[in-house]
Amino acid sequence: MKINNTYLFLLLLLCQFVFCQNNDRKEFCGFVRADSLSVEGVNIVNETSQKYAVTDKNGFFLLFLKEGDVLVFSAVNLVTLRKKLQKSDLDNPILQIQMQIESIPLKEVIIKEDSKISAENLGILSKPAKKYTVAERRLYTARSGLLDRPLNWMSGRTKQLRKELAVSEKEQLMAKMEYLFEENFYIETLKINKDYIRDFQLYCIDNADFANSLKTKNKTLSKFYIITLAKNYNKITVYEN
């Protein structure tokens, strides 16, 4: 009986010690980032209290912490970080942690000419990089540089290049129209006179909404706009004739 009482006393003393240890801690909000981006799914283990947490989709986590606690941060593709908390860390309302992306050195990479590897497929770009036409590159060159811009403006070169760019853009839109819509579509569906097809195409690409649908390669929207434009165009030609 005496042994049982002693054991119970020691157990209560241990529980009280653990409770006091946890009671000293306060709940803190932390934020983990890597290369200026918040990181989801980072595992945080408090080695001192044996508690853990995981960052959410915005990189935040909650843990009871105190000065002297040792935290271990780990995640796939990130360098594991071990940090002992200082008083200055807990003086801020949010504990901010900066982690490093783990780089994997490659011996050699050979890309074949027919390979489909691109910056877009690799996730470097969210969408294909814009490809500039000759006219766009000329205009950009004329408008860049400390001296090029005022000199080209005074000589009228910038104005001329803008005209060339506008013509180039119209030619591209015309090419897209010819690809999307066959001649029979103009004559049978839109009821456009064969001799007026070219003039009608120019009329269409002057419409901002239709031009934008061509640029975004939205065939359904382009078809919707061209049918409406055809009705208006036919009314104009009837009135003029």
# chains A, B, ... in the order shown; residues from 1 in each chain; ligands from 1
$ closest_atom_pairs --of "segment 79-107 of chain A" --to "segment 41-48 of chain A" --cutoff "10 Å" --atoms "only C-alpha atoms" --output "Markdown table"
| residue | atom | partner | partner_atom | distance |
| --- | --- | --- | --- | --- |
| A:Thr80 | CA | A:Asn43 | CA | 9.8 |
| A:Leu81 | CA | A:Ile44 | CA | 9.5 |
| A:Arg82 | CA | A:Val45 | CA | 9.5 |
| A:Lys83 | CA | A:Asn46 | CA | 9.7 |
| A:Lys84 | CA | A:Asn46 | CA | 9.7 |
| A:Met99 | CA | A:Val42 | CA | 10.0 |
$ atom_distance --atom1 "atom CA of Glu178 of chain A" --atom2 "atom CA of Tyr233 of chain A"
18.2 Å
$ residues_around --residues "Ile101 of chain A" --least-positions-apart "5" --cutoff "8 Å" --atoms "only C-alpha atoms" --output "PyMOL selection string"
chain A and resi 34-35+77-79
$ write_last_selection --atoms "N, CA and C atoms" --output "PDB file, in the first residue's frame"
ATOM      1  N   ALA A  34       9.626  30.277 -48.899  1.00  0.00           N
ATOM      2  CA  ALA A  34      10.841  29.849 -49.593  1.00  0.00           C
ATOM      3  C   ALA A  34      10.927  30.631 -50.892  1.00  0.00           C
ATOM      4  N   ASP A  35      12.022  31.352 -51.068  1.00  0.00           N
ATOM      5  CA  ASP A  35      12.185  32.217 -52.251  1.00  0.00           C
ATOM      6  C   ASP A  35      11.012  33.166 -52.414  1.00  0.00           C
ATOM      7  N   ASN A  77      11.739  18.786 -51.184  1.00  0.00           N
ATOM      8  CA  ASN A  77      12.418  19.795 -52.019  1.00  0.00           C
ATOM      9  C   ASN A  77      12.873  21.023 -51.239  1.00  0.00           C
ATOM     10  N   LEU A  78      12.806  20.972 -49.889  1.00  0.00           N
ATOM     11  CA  LEU A  78      13.295  22.078 -49.082  1.00  0.00           C
ATOM     12  C   LEU A  78      14.397  21.585 -48.147  1.00  0.00           C
ATOM     13  N   VAL A  79      15.368  22.445 -47.882  1.00  0.00           N
ATOM     14  CA  VAL A  79      16.459  22.102 -46.967  1.00  0.00           C
ATOM     15  C   VAL A  79      15.914  22.125 -45.537  1.00  0.00           C
TER      16      VAL A  79
END
$ residues_around --residues "Arg33 of chain A" --least-positions-apart "5" --cutoff "9 Å" --atoms "only C-alpha atoms" --output "tab-separated table (two decimals) with N, CA, C and O atoms, in the first residue's frame"
chain	number	residue	atom	x	y	z
A	38	SER	N	5.02	31.64	-50.13
A	38	SER	CA	4.55	30.84	-49.01
A	38	SER	C	4.57	29.37	-49.41
A	38	SER	O	4.39	29.03	-50.57
A	39	VAL	N	4.79	28.49	-48.42
A	39	VAL	CA	4.95	27.07	-48.70
A	39	VAL	C	3.92	26.26	-47.93
A	39	VAL	O	3.79	26.40	-46.71
A	40	GLU	N	3.18	25.42	-48.64
A	40	GLU	CA	2.19	24.55	-48.03
A	40	GLU	C	2.80	23.18	-47.74
A	40	GLU	O	3.67	22.70	-48.47
A	59	GLY	N	0.81	28.97	-46.05
A	59	GLY	CA	2.10	28.92	-45.38
A	59	GLY	C	2.04	29.18	-43.88
A	59	GLY	O	3.08	29.31	-43.24
A	96	GLN	N	8.23	34.39	-38.35
A	96	GLN	CA	8.50	34.23	-39.78
A	96	GLN	C	9.74	33.36	-39.99
A	96	GLN	O	10.80	33.62	-39.42
A	97	ILE	N	9.57	32.33	-40.83
A	97	ILE	CA	10.64	31.37	-41.09
A	97	ILE	C	10.96	31.36	-42.58
A	97	ILE	O	10.07	31.23	-43.42
A	98	GLN	N	12.24	31.51	-42.89
A	98	GLN	CA	12.70	31.48	-44.28
A	98	GLN	C	13.42	30.17	-44.53
A	98	GLN	O	14.39	29.84	-43.85
A	99	MET	N	12.93	29.40	-45.51
A	99	MET	CA	13.57	28.13	-45.86
A	99	MET	C	14.19	28.23	-47.25
A	99	MET	O	13.84	29.13	-48.03
A	100	GLN	N	15.07	27.28	-47.55
A	100	GLN	CA	15.76	27.27	-48.83
A	100	GLN	C	15.32	26.07	-49.66
A	100	GLN	O	15.13	24.98	-49.13
$ decode --residues "segment 58-84 of chain A" --atoms "N, CA and C atoms" --output "compact mmCIF listing (two decimals), in the first residue's frame"
# COMPACT_ATOMS: atom_id res chain seq x y z
N ASN A 58 -1.58 28.71 -47.27
CA ASN A 58 -1.01 30.05 -47.27
C ASN A 58 0.31 30.12 -46.52
N GLY A 59 0.81 28.97 -46.05
CA GLY A 59 2.10 28.92 -45.38
C GLY A 59 2.04 29.18 -43.88
N PHE A 60 0.83 29.23 -43.27
CA PHE A 60 0.70 29.54 -41.85
C PHE A 60 0.56 28.25 -41.02
N PHE A 61 0.96 28.36 -39.73
CA PHE A 61 0.79 27.27 -38.78
C PHE A 61 0.62 27.84 -37.37
N LEU A 62 0.08 27.01 -36.45
CA LEU A 62 -0.12 27.40 -35.06
C LEU A 62 0.56 26.39 -34.15
N LEU A 63 1.31 26.88 -33.14
CA LEU A 63 1.97 26.01 -32.16
C LEU A 63 2.12 26.75 -30.83
N PHE A 64 2.09 25.98 -29.74
CA PHE A 64 2.40 26.55 -28.43
C PHE A 64 3.91 26.55 -28.27
N LEU A 65 4.46 27.73 -28.04
CA LEU A 65 5.92 27.89 -28.02
C LEU A 65 6.37 28.72 -26.83
N LYS A 66 7.67 28.58 -26.54
CA LYS A 66 8.30 29.46 -25.55
C LYS A 66 9.77 29.58 -25.90
N GLU A 67 10.44 30.52 -25.28
CA GLU A 67 11.86 30.74 -25.53
C GLU A 67 12.65 29.49 -25.18
N GLY A 68 13.58 29.13 -26.07
CA GLY A 68 14.40 27.95 -25.86
C GLY A 68 13.92 26.71 -26.57
N ASP A 69 12.66 26.71 -27.05
CA ASP A 69 12.15 25.56 -27.79
C ASP A 69 12.95 25.37 -29.08
N VAL A 70 13.12 24.11 -29.46
CA VAL A 70 13.84 23.80 -30.70
C VAL A 70 12.82 23.28 -31.73
N LEU A 71 12.73 23.99 -32.85
CA LEU A 71 11.79 23.63 -33.91
C LEU A 71 12.55 23.06 -35.11
N VAL A 72 11.97 22.03 -35.70
CA VAL A 72 12.55 21.44 -36.92
C VAL A 72 11.54 21.57 -38.05
N PHE A 73 11.96 22.21 -39.14
CA PHE A 73 11.10 22.42 -40.31
C PHE A 73 11.60 21.53 -41.45
N SER A 74 10.69 20.77 -42.04
CA SER A 74 11.10 19.88 -43.13
C SER A 74 9.97 19.73 -44.14
N ALA A 75 10.35 19.55 -45.40
CA ALA A 75 9.39 19.35 -46.49
C ALA A 75 10.14 18.85 -47.71
N VAL A 76 9.39 18.25 -48.62
CA VAL A 76 9.99 17.76 -49.87
C VAL A 76 10.54 18.94 -50.66
N ASN A 77 11.74 18.79 -51.18
CA ASN A 77 12.42 19.79 -52.02
C ASN A 77 12.87 21.02 -51.24
N LEU A 78 12.81 20.97 -49.89
CA LEU A 78 13.29 22.08 -49.08
C LEU A 78 14.40 21.59 -48.15
N VAL A 79 15.37 22.45 -47.88
CA VAL A 79 16.46 22.10 -46.97
C VAL A 79 15.91 22.13 -45.54
N THR A 80 16.08 21.02 -44.80
CA THR A 80 15.60 20.92 -43.43
C THR A 80 16.25 22.00 -42.55
N LEU A 81 15.41 22.67 -41.77
CA LEU A 81 15.89 23.78 -40.93
C LEU A 81 15.63 23.46 -39.46
N ARG A 82 16.66 23.63 -38.63
CA ARG A 82 16.53 23.42 -37.18
C ARG A 82 16.79 24.76 -36.50
N LYS A 83 15.82 25.23 -35.71
CA LYS A 83 15.90 26.57 -35.14
C LYS A 83 15.57 26.55 -33.65
N LYS A 84 16.46 27.17 -32.86
CA LYS A 84 16.20 27.34 -31.42
C LYS A 84 15.61 28.74 -31.22
